[in-house]
>>> print(open('model.tsv').read())   # TSV, C-alpha atoms
chain	number	residue	atom	x	y	z
A	239	VAL	CA	75.02	100.23	113.63
A	240	CYS	CA	76.08	103.33	115.51
A	241	VAL	CA	79.32	101.80	116.77
A	242	CYS	CA	80.23	100.52	113.29
A	243	LEU	CA	79.70	103.95	111.77
A	244	CYS	CA	81.89	105.57	114.39
A	245	LEU	CA	84.77	103.17	113.86
A	246	CYS	CA	84.63	103.46	110.08
A	247	LEU	CA	84.56	107.26	110.19
A	248	GLY	CA	87.10	107.61	112.96
A	249	LEU	CA	89.47	109.44	110.62
A	250	CYS	CA	86.99	112.32	110.36
A	251	LEU	CA	85.54	113.28	113.73
A	252	CYS	CA	83.01	115.85	112.52
A	253	VAL	CA	81.38	113.46	110.03
A	254	CYS	CA	81.30	110.75	112.68
A	255	VAL	CA	79.46	112.94	115.20
A	256	CYS	CA	76.98	114.13	112.57
A	257	VAL	CA	76.09	110.61	111.48
A	258	CYS	CA	75.76	109.42	115.06
A	259	VAL	CA	73.39	112.20	116.06
A	260	ARG	CA	71.09	111.58	113.09
A	261	VAL	CA	71.01	107.82	113.51
A	262	CYS	CA	70.74	107.63	117.28
A	263	MET	CA	68.71	110.65	118.32
A	264	ARG	CA	65.77	108.42	119.37
A	265	ALA	CA	67.69	105.97	121.59
A	266	ARG	CA	69.51	107.24	124.67
A	267	ALA	CA	71.62	104.15	125.15
A	268	CYS	CA	72.76	104.26	121.59
A	269	VAL	CA	73.64	107.95	121.88
A	270	ARG	CA	75.81	107.27	124.90
A	271	THR	CA	77.67	104.48	123.08
A	272	CYS	CA	78.15	106.67	120.06
A	273	ALA	CA	79.54	109.53	122.14
A	274	CYS	CA	82.01	107.21	123.83
A	275	VAL	CA	83.35	105.94	120.51
A	276	CYS	CA	83.54	109.41	119.02
A	277	VAL	CA	85.52	110.72	121.97
A	278	HIS	CA	88.16	108.08	121.35
A	279	ALA	CA	88.22	108.65	117.57
A	280	PRO	CA	91.03	111.29	117.68
A	281	VAL	CA	93.10	108.86	119.73
A	282	LEU	CA	92.59	106.11	117.17
A	283	THR	CA	93.42	108.34	114.18
A	284	PRO	CA	97.27	108.47	114.57
A	285	TRP	CA	97.37	104.73	115.20
A	286	LEU	CA	95.28	104.07	112.09
A	287	PHE	CA	97.53	106.28	109.95
A	288	THR	CA	100.71	104.68	111.33
A	289	ASP	CA	99.38	101.17	110.82
A	290	PHE	CA	98.25	102.01	107.27
A	291	PHE	CA	101.65	103.37	106.18
A	292	LEU	CA	103.45	100.47	107.87
A	293	GLN	CA	101.33	97.87	106.08
A	294	ARG	CA	101.76	99.63	102.75
A	295	ALA	CA	105.54	99.77	103.18
A	296	GLN	CA	105.71	96.10	104.20
A	297	SER	CA	103.59	94.98	101.25
A	298	PHE	CA	105.91	96.88	98.89
A	299	ILE	CA	109.18	95.58	100.37
A	300	THR	CA	108.03	91.94	100.37
A	301	LYS	CA	107.84	92.03	96.56
A	302	TYR	CA	111.62	92.36	96.26
A	303	LEU	CA	114.65	90.33	97.28
A	304	ALA	CA	117.97	91.65	98.49
A	305	SER	CA	119.40	91.19	95.01
A	306	ASP	CA	116.68	93.44	93.56
A	307	VAL	CA	117.75	96.46	95.66
A	308	THR	CA	120.85	98.44	94.70
A	309	ARG	CA	122.51	101.16	96.75
A	310	VAL	CA	123.87	103.96	94.57
A	311	SER	CA	126.41	106.48	95.85
A	312	ILE	CA	126.73	109.51	93.59
A	313	PRO	CA	129.62	111.95	94.04
A	314	GLY	CA	128.25	115.31	95.08
A	315	GLN	CA	131.08	117.24	93.41
A	316	SER	CA	130.31	118.34	89.89
A	317	SER	CA	132.50	116.76	87.24
A	318	ALA	CA	132.38	119.88	85.05
A	319	LEU	CA	133.08	123.53	85.67
A	320	TRP	CA	130.17	125.96	85.76
A	321	SER	CA	130.62	127.97	82.60
A	322	ILE	CA	128.21	130.89	82.40
A	323	SER	CA	128.57	134.21	80.65
A	324	PRO	CA	128.40	137.42	82.72
A	325	PRO	CA	125.16	138.66	81.04
A	326	THR	CA	123.45	135.33	81.71
A	327	ARG	CA	124.64	135.42	85.32
A	328	VAL	CA	123.20	138.90	85.76
A	329	LEU	CA	119.89	137.77	84.23
A	330	MET	CA	119.79	134.76	86.54
A	331	ARG	CA	120.46	136.98	89.54
A	332	GLU	CA	117.67	139.32	88.49
A	333	ASN	CA	115.22	136.42	88.18
A	334	LEU	CA	116.12	135.29	91.69
A	335	ALA	CA	115.63	138.76	93.15
A	336	SER	CA	112.92	139.08	95.75
A	337	ASN	CA	111.03	141.76	93.79
A	338	GLN	CA	110.23	139.31	90.99
A	339	THR	CA	106.73	137.79	91.05
A	340	SER	CA	107.29	134.66	88.94
A	341	ASN	CA	108.25	131.30	90.41
A	342	ILE	CA	111.42	129.48	89.38
A	343	ASP	CA	111.51	125.71	88.92
A	344	LEU	CA	114.50	123.70	90.10
A	345	ALA	CA	114.57	120.28	88.38
A	346	PHE	CA	116.52	117.18	89.42
A	347	HIS	CA	116.68	114.56	86.67
A	348	TRP	CA	117.80	110.96	87.14
A	349	ALA	CA	118.16	108.05	84.71
A	350	VAL	CA	118.73	104.33	85.37
A	351	THR	CA	120.58	102.44	82.62
A	352	ARG	CA	120.51	98.65	82.41
A	353	GLU	CA	122.67	96.25	80.49
A	354	PRO	CA	121.65	96.08	76.83
A	355	ASN	CA	119.48	93.21	75.59
A	356	THR	CA	117.98	92.45	79.00
A	357	GLY	CA	114.83	90.82	77.71
A	358	LEU	CA	111.80	93.06	77.42
A	359	ALA	CA	113.07	95.80	79.74
A	360	ALA	CA	113.88	99.24	78.45
A	361	GLU	CA	117.58	100.01	78.46
A	362	THR	CA	117.08	103.40	80.14
A	363	VAL	CA	114.27	104.58	82.41
A	364	SER	CA	114.23	108.10	83.81
A	365	ASP	CA	112.15	110.67	85.64
A	366	VAL	CA	112.44	114.18	87.04
A	367	ASN	CA	111.47	115.93	90.26
A	368	THR	CA	110.68	119.63	90.04
A	369	SER	CA	110.82	121.96	93.04
A	370	SER	CA	109.20	125.36	92.72
A	371	LEU	CA	111.08	128.26	94.31
A	372	MET	CA	108.39	130.61	95.54
A	373	VAL	CA	108.85	134.36	95.76
A	374	ASN	CA	110.74	135.42	98.92
A	375	SER	CA	111.46	131.81	99.85
A	376	SER	CA	114.61	131.14	101.85
A	377	THR	CA	116.12	128.91	99.15
A	378	ARG	CA	115.55	131.52	96.49
A	379	LEU	CA	117.09	134.28	98.59
A	380	ASP	CA	120.09	132.09	99.45
A	381	LEU	CA	120.71	131.37	95.77
A	382	PHE	CA	120.56	135.11	95.09
A	383	ASP	CA	123.16	135.70	97.81
A	384	ILE	CA	125.39	132.96	96.34
A	385	LEU	CA	125.41	134.66	92.96
A	386	ASN	CA	126.12	137.99	94.65
A	387	GLY	CA	129.03	136.47	96.56
A	388	SER	CA	127.60	137.19	100.01
A	389	SER	CA	126.90	133.51	100.76
A	390	SER	CA	128.37	130.17	99.77
A	391	ASN	CA	125.57	127.62	100.32
A	392	SER	CA	121.83	127.15	100.21
A	393	THR	CA	119.48	124.43	101.45
A	394	VAL	CA	117.12	122.91	98.88
A	395	GLN	CA	114.28	120.86	100.34
A	396	ARG	CA	112.89	117.69	98.72
A	397	LEU	CA	115.28	117.77	95.80
A	398	TYR	CA	115.28	114.06	94.91
A	399	PRO	CA	113.85	110.80	96.34
A	400	SER	CA	115.90	108.36	98.39
A	401	PHE	CA	114.07	105.32	96.98
A	402	ILE	CA	113.47	104.91	93.25
A	403	LEU	CA	111.53	102.18	91.45
A	404	ALA	CA	113.08	101.11	88.14
A	405	PRO	CA	110.29	99.29	86.26
A	406	ALA	CA	110.65	97.30	83.07
A	407	ASN	CA	109.11	100.17	81.11
A	408	GLY	CA	107.90	103.61	82.00
A	409	PRO	CA	109.26	106.33	84.28
A	410	ALA	CA	111.61	105.51	87.16
A	411	ARG	CA	109.29	107.03	89.74
A	412	ALA	CA	109.87	107.74	93.40
A	413	VAL	CA	108.69	105.03	95.81
A	414	THR	CA	105.80	106.75	97.57
A	415	GLU	CA	104.92	103.54	99.44
A	416	LEU	CA	107.85	104.17	101.81
A	417	ASN	CA	106.29	107.39	103.14
A	418	ASP	CA	108.08	110.71	102.54
A	419	SER	CA	111.48	109.68	101.18
A	420	PHE	CA	112.66	112.92	99.56
A	421	VAL	CA	116.09	114.32	100.46
A	422	ASP	CA	117.09	117.81	101.53
A	423	VAL	CA	120.49	118.86	100.20
A	424	THR	CA	122.91	121.71	100.72
A	425	LEU	CA	123.89	123.43	97.49
A	426	LEU	CA	127.37	124.98	97.43
A	427	LEU	CA	129.19	127.07	94.83
A	428	ASN	CA	132.93	126.38	95.02
A	429	GLN	CA	135.61	128.65	93.58
A	430	SER	CA	139.27	127.92	92.96
A	431	MET	CA	142.26	130.27	93.14
A	432	ARG	CA	142.08	130.80	89.38
A	433	GLY	CA	138.42	131.78	89.51
A	434	ASP	CA	136.98	128.49	88.26
A	435	GLU	CA	133.57	127.69	89.72
A	436	TRP	CA	131.71	124.43	90.18
A	437	TRP	CA	128.68	123.26	92.13
A	438	SER	CA	128.52	120.55	94.77
A	439	LEU	CA	125.68	118.89	96.65
A	440	LEU	CA	125.78	117.63	100.23
A	441	GLN	CA	123.03	115.37	101.51
A	442	LYS	CA	121.56	116.97	104.60
A	443	SER	CA	118.40	115.08	105.59
A	444	PRO	CA	118.02	112.16	105.89
A	445	ARG	CA	121.62	111.35	106.68
A	446	ILE	CA	123.66	108.89	104.61
A	447	LEU	CA	123.23	105.38	105.99
A	448	HIS	CA	126.56	104.02	104.71
A	449	GLY	CA	129.93	105.71	104.48
A	450	SER	CA	131.12	108.98	105.91
A	451	ARG	CA	128.55	111.68	106.55
A	452	ASN	CA	131.04	114.46	105.84
A	453	THR	CA	131.70	113.49	102.23
A	454	PRO	CA	129.65	115.29	99.54
A	455	ASP	CA	127.92	112.14	98.29
A	456	LEU	CA	124.30	111.52	97.39
A	457	GLU	CA	122.74	108.21	98.37
A	458	MET	CA	119.94	106.43	96.52
A	459	TYR	CA	118.30	103.03	96.76
A	460	ILE	CA	116.90	101.58	93.53
A	461	PHE	CA	114.30	98.79	93.45
A	462	SER	CA	114.53	96.94	90.14
A	463	ASP	CA	111.58	95.01	88.75
A	464	ARG	CA	112.28	91.54	87.42
A	465	VAL	CA	111.70	90.95	83.72
A	466	ALA	CA	111.61	87.90	81.48
A	467	ALA	CA	114.88	86.61	80.07
A	468	PRO	CA	115.64	87.25	76.37
A	469	GLU	CA	114.95	83.57	75.64
A	470	PHE	CA	111.31	84.01	76.69
A	471	SER	CA	110.75	87.39	75.10
A	472	PHE	CA	108.71	85.88	72.27
A	473	LEU	CA	106.28	84.47	74.86
A	474	ALA	CA	105.99	87.49	77.15
A	475	GLY	CA	106.13	90.13	74.45
A	476	TYR	CA	102.37	90.61	74.38
A	477	GLY	CA	101.62	89.95	78.04
A	478	VAL	CA	99.44	87.32	79.61
A	479	ILE	CA	96.56	87.84	77.18
A	480	GLY	CA	98.86	87.43	74.18
A	481	LEU	CA	100.37	84.28	75.68
A	482	TYR	CA	96.90	82.85	76.30
A	483	ILE	CA	95.72	83.63	72.77
A	484	SER	CA	98.89	82.11	71.28
A	485	LEU	CA	98.43	78.94	73.31
A	486	VAL	CA	94.78	78.64	72.28
A	487	LEU	CA	95.65	79.16	68.63
A	488	VAL	CA	98.41	76.54	68.70
A	489	VAL	CA	96.23	73.94	70.41
A	490	GLY	CA	93.31	74.75	68.11
A	491	GLN	CA	95.47	74.39	65.02
A	492	PHE	CA	96.79	71.05	66.27
A	493	LEU	CA	93.27	69.74	66.89
A	494	ARG	CA	92.20	71.01	63.51
A	495	LEU	CA	94.93	69.01	61.80
A	496	ILE	CA	93.85	65.88	63.67
A	497	PHE	CA	90.18	66.13	62.65
A	498	LYS	CA	90.73	67.65	59.23
A	499	ASN	CA	88.84	65.78	56.44
A	500	ILE	CA	87.54	63.28	58.97
A	501	SER	CA	84.25	63.11	57.06
A	502	HIS	CA	86.12	61.69	54.05
A	503	ARG	CA	88.17	59.21	56.08
A	504	ILE	CA	85.57	57.90	58.49
A	505	ILE	CA	84.10	55.49	55.93
A	506	TYR	CA	87.47	53.77	55.57
A	507	GLU	CA	88.74	54.00	59.14
A	508	ASN	CA	85.57	53.03	61.06
A	509	ILE	CA	84.50	49.83	59.26
A	510	PRO	CA	82.06	47.73	61.33
A	511	ASN	CA	83.21	44.31	59.99
A	512	PRO	CA	86.52	44.25	58.03
A	513	ASP	CA	86.55	40.45	57.61
A	514	ALA	CA	85.77	40.63	53.88
A	515	LEU	CA	88.59	43.10	53.27
A	516	TYR	CA	90.96	41.06	55.39
A	517	THR	CA	90.10	37.90	53.42
A	518	LEU	CA	90.55	39.70	50.10
A	519	CYS	CA	93.97	41.07	51.10
A	520	HIS	CA	95.00	37.63	52.33
A	521	ASN	CA	94.00	36.07	48.99
A	522	ILE	CA	96.01	38.74	47.12
A	523	PHE	CA	99.07	37.86	49.20
A	524	MET	CA	98.63	34.11	48.61
A	525	ALA	CA	98.18	34.61	44.84
A	526	ARG	CA	101.36	36.68	44.71
A	527	GLU	CA	103.32	34.06	46.67
A	528	SER	CA	102.09	31.22	44.45
A	529	GLY	CA	102.84	33.09	41.24
A	530	HIS	CA	99.24	33.45	39.96
A	531	HIS	CA	99.65	37.02	38.76
A	532	SER	CA	96.47	37.05	36.68
A	533	LEU	CA	94.45	36.02	39.75
A	534	GLU	CA	96.28	38.63	41.79
A	535	GLU	CA	95.38	41.28	39.24
A	536	ARG	CA	91.67	40.39	39.40
A	537	LEU	CA	91.69	40.40	43.20
A	538	VAL	CA	93.42	43.80	43.31
A	539	GLY	CA	90.80	45.09	40.88
A	540	GLN	CA	88.07	43.91	43.23
A	541	LEU	CA	89.79	45.71	46.11
A	542	PHE	CA	89.98	48.96	44.12
A	543	LEU	CA	86.35	48.57	43.13
A	544	LEU	CA	85.35	48.29	46.79
A	545	TYR	CA	87.16	51.50	47.77
A	546	ARG	CA	85.83	53.36	44.73
A	547	SER	CA	82.22	52.47	45.50
A	548	PRO	CA	81.10	53.54	48.99
A	549	GLU	CA	77.77	51.76	48.60
A	550	ARG	CA	79.42	48.42	47.84
A	551	LEU	CA	81.97	48.95	50.63
A	552	VAL	CA	79.16	49.53	53.13
A	553	GLU	CA	77.37	46.43	51.82
A	554	GLU	CA	80.42	44.17	52.13
A	555	THR	CA	81.58	45.46	55.55
A	556	ARG	CA	78.16	45.57	57.23
A	557	ALA	CA	78.08	44.21	60.77
A	558	LYS	CA	76.98	40.57	61.02
A	559	PRO	CA	73.93	39.65	63.08
A	560	MET	CA	74.55	38.18	66.55
A	561	ALA	CA	73.02	34.81	65.61
A	562	TYR	CA	75.41	34.52	62.67
A	563	LYS	CA	78.38	35.27	64.96
A	564	ARG	CA	77.31	32.61	67.47
A	565	LYS	CA	76.87	30.10	64.64
A	566	GLN	CA	80.38	30.75	63.40
A	567	SER	CA	81.83	30.45	66.89
>>> encode(input="model.tsv", output="structure tokens")
Amino acid sequence: VCVCLCLCLGLCLCVCVCVCVRVCMRARACVRTCACVCVHAPVLTPWLFTDFFLQRAQSFITKYLASDVTRVSIPGQSSALWSISPPTRVLMRENLASNQTSNIDLAFHWAVTREPNTGLAAETVSDVNTSSLMVNSSTRLDLFDILNGSSSNSTVQRLYPSFILAPANGPARAVTELNDSFVDVTLLLNQSMRGDEWWSLLQKSPRILHGSRNTPDLEMYIFSDRVAAPEFSFLAGYGVIGLYISLVLVVGQFLRLIFKNISHRIIYENIPNPDALYTLCHNIFMARESGHHSLEERLVGQLFLLYRSPERLVEETRAKPMAYKRKQS
């Protein structure tokens, strides 16, 4: 018991030692075994963490095929000029000053747009990552220097994730199963000869896997969940429970149609001995073929009288005794 407790609590050495002392204080051999395991617990801890993150990443990646993963390269150069009025620029510089006590949030928003009418998937899924610029932080001071003109770039840590999960519905969240996948970028304020200004982002860490590392591009990898085709949207619209209920209702309605009014039909469909009815129908056919229409009319009347009187029908179609059947045979 002592060894099992030590292995299970190997991630927390102090708890492990405490439990071992209380459980094994009366047995010297057990105390020695417990101490040995607890000494090796800090050595096992990094291996346990590494193995846990590796298994979690492998279990996530195995859910997707190569066609489900898309590499997105976003130009780091802004497509629009930075138009800001001088009073607003001064106010922004004052908010970034080191003597201010409030934090400033820096938000990075991304949106993934699919083709329209792709089954049950939402056409656009999005999310946002917000970084808080603390007072006297290096990023905040660098941005203040950029607005003052004394610097041209600033490093923003953990601005956006490298791996994004685009589900059928809901936010396009960062893939936390692949460990810490957020990107550090270098933020630059460019200025032309005419005084026009625009921002640009340069991926700093981790480095771009494909393409040139000197180009101001941002790299993302998007994992797309598979959704049902539009043809099957009426089946998967309400999930598995809705599909199950629909199937049960359809089968139940079909069975209900089969056995509907069976109490009224069973007297005519489950006749023990239909010989009398068969003989009567045969006589009606022979009278019609021979031209005796008056006889045919009387026989048809007898047939109607049988079906209109359940008691007489039961009397005429009652099962014959076994002795009578053997005598006829």
>>> closest_residue(input="model.tsv", among="A:Arg352, A:Arg464, A:Arg327, A:His502", to="Phe382 (chain A)", atoms="all atoms listed in the file")
A:Arg327
>>> residues_around(input="model.tsv", residues="Leu319 (chain A)", least_positions_apart="2", cutoff="10 Å", atoms="only C-alpha atoms", output="list in words")
Ser316, Ser317, Ser321, Ile322, Asn428, Gln429, Asp434, Glu435, Trp436 and Trp437 of chain A
>>> atom_distance(input="model.tsv", atom1="CA of Val488 (chain A)", atom2="CA of Ile500 (chain A)")
19.7 Å
>>> residues_around(input="model.tsv", residues="Thr414 (chain A)", least_positions_apart="5", cutoff="10 Å", atoms="all atoms listed in the file", output="list of chain:residue names")
A:Arg294, A:Ala295, A:Phe298, A:Pro399, A:Phe401, A:Ile402, A:Leu403, A:Ser419, A:Phe420
>>> atom_distance(input="model.tsv", atom1="CA of Thr308 (chain A)", atom2="CA of Thr393 (chain A)")
26.9 Å
>>> residues_around(input="model.tsv", residues="region 364-366 of chain A", least_positions_apart="6", cutoff="8 Å", atoms="only C-alpha atoms", output="PyMOL selection string")
chain A and resi 345-350+408-411
>>> closest_residue(input="model.tsv", among="A:Leu292, A:Val307, A:Ala514, A:Leu381", to="Glu332 (chain A)", atoms="only C-alpha atoms")
A:Leu381
>>> atom_distance(input="model.tsv", atom1="CA of Ser323 (chain A)", atom2="CA of Asp343 (chain A)")
20.8 Å
>>> closest_residue(input="model.tsv", among="A:Thr326, A:Ser376, A:Ser462, A:Ser389", to="Ala360 (chain A)", atoms="all atoms listed in the file")
A:Ser462
>>> closest_residue(input="model.tsv", among="A:Gln315, A:Ser484, A:Asn333, A:Ser547", to="Leu425 (chain A)", atoms="all atoms listed in the file")
A:Gln315
>>> axis_aligned_box(input="model.tsv", around="region 322-329 of chain A", padding_each_side="8 Å", output="JSON")
{"center_x": 124.2, "center_y": 134.9, "center_z": 83.2, "size_x": 24.7, "size_y": 24.0, "size_z": 21.1}
>>> closest_residue(input="model.tsv", among="A:Ser340, A:Asn407, A:Asn391, A:Ser501", to="Glu361 (chain A)", atoms="all atoms listed in the file")
A:Asn407
>>> residues_around(input="model.tsv", residues="region 550-552 of chain A", least_positions_apart="5", cutoff="9 Å", atoms="all atoms listed in the file", output="number ranges by chain")
A: 505-506, 509-510, 543-545
>>> build_atoms(input="model.tsv", residues="region 394-415 of chain A", atoms="N, CA, C and O atoms", output="CSV table (one decimal), in the coordinates of the input")
chain,number,residue,atom,x,y,z
A,394,VAL,N,118.2,123.2,99.8
A,394,VAL,CA,117.1,122.9,98.9
A,394,VAL,C,116.4,121.7,99.5
A,394,VAL,O,116.9,120.7,99.7
A,395,GLN,N,115.1,121.9,99.7
A,395,GLN,CA,114.3,120.9,100.3
A,395,GLN,C,113.6,120.0,99.3
A,395,GLN,O,113.2,120.5,98.2
A,396,ARG,N,113.6,118.7,99.6
A,396,ARG,CA,112.9,117.7,98.7
A,396,ARG,C,113.4,117.8,97.3
A,396,ARG,O,112.6,117.9,96.3
A,397,LEU,N,114.7,117.7,97.1
A,397,LEU,CA,115.3,117.8,95.8
A,397,LEU,C,115.1,116.5,95.0
A,397,LEU,O,114.8,116.5,93.8
A,398,TYR,N,115.4,115.3,95.6
A,398,TYR,CA,115.3,114.1,94.9
A,398,TYR,C,114.8,113.0,95.9
A,398,TYR,O,115.0,113.1,97.1
A,399,PRO,N,114.3,111.9,95.4
A,399,PRO,CA,113.8,110.8,96.3
A,399,PRO,C,115.0,109.9,96.7
A,399,PRO,O,115.9,109.6,96.0
A,400,SER,N,114.9,109.3,97.9
A,400,SER,CA,115.9,108.4,98.4
A,400,SER,C,115.7,107.0,97.8
A,400,SER,O,116.6,106.2,97.5
A,401,PHE,N,114.4,106.6,97.5
A,401,PHE,CA,114.1,105.3,97.0
A,401,PHE,C,113.4,105.5,95.6
A,401,PHE,O,112.4,106.3,95.5
A,402,ILE,N,113.9,104.8,94.6
A,402,ILE,CA,113.5,104.9,93.2
A,402,ILE,C,113.1,103.5,92.8
A,402,ILE,O,113.8,102.5,93.0
A,403,LEU,N,112.0,103.4,92.1
A,403,LEU,CA,111.5,102.2,91.4
A,403,LEU,C,111.9,102.2,90.0
A,403,LEU,O,111.4,103.1,89.2
A,404,ALA,N,112.7,101.2,89.5
A,404,ALA,CA,113.1,101.1,88.1
A,404,ALA,C,112.3,100.0,87.5
A,404,ALA,O,112.6,98.8,87.6
A,405,PRO,N,111.1,100.3,86.9
A,405,PRO,CA,110.3,99.3,86.3
A,405,PRO,C,110.9,98.8,84.9
A,405,PRO,O,111.9,99.3,84.4
A,406,ALA,N,110.2,97.8,84.4
A,406,ALA,CA,110.6,97.3,83.1
A,406,ALA,C,110.5,98.4,82.0
A,406,ALA,O,111.3,98.5,81.1
A,407,ASN,N,109.4,99.1,82.1
A,407,ASN,CA,109.1,100.2,81.1
A,407,ASN,C,108.4,101.3,81.9
A,407,ASN,O,107.7,101.1,82.9
A,408,GLY,N,108.5,102.5,81.4
A,408,GLY,CA,107.9,103.6,82.0
A,408,GLY,C,108.9,104.4,82.8
A,408,GLY,O,110.1,104.2,82.9
A,409,PRO,N,108.4,105.4,83.5
A,409,PRO,CA,109.3,106.3,84.3
A,409,PRO,C,109.8,105.6,85.5
A,409,PRO,O,109.1,104.8,86.1
A,410,ALA,N,111.0,106.0,85.9
A,410,ALA,CA,111.6,105.5,87.2
A,410,ALA,C,111.1,106.4,88.3
A,410,ALA,O,111.8,107.3,88.7
A,411,ARG,N,110.0,106.1,88.8
A,411,ARG,CA,109.3,107.0,89.7
A,411,ARG,C,109.9,106.9,91.1
A,411,ARG,O,110.5,105.9,91.5
A,412,ALA,N,109.5,107.8,92.0
A,412,ALA,CA,109.9,107.7,93.4
A,412,ALA,C,108.9,106.8,94.1
A,412,ALA,O,107.8,106.6,93.8
A,413,VAL,N,109.5,106.0,95.1
A,413,VAL,CA,108.7,105.0,95.8
A,413,VAL,C,107.9,105.8,96.9
A,413,VAL,O,108.4,106.1,98.0
A,414,THR,N,106.7,106.0,96.6
A,414,THR,CA,105.8,106.8,97.6
A,414,THR,C,105.3,105.8,98.6
A,414,THR,O,104.8,106.3,99.7
A,415,GLU,N,105.4,104.5,98.4
A,415,GLU,CA,104.9,103.5,99.4
A,415,GLU,C,105.8,103.6,100.7
A,415,GLU,O,105.3,103.1,101.8
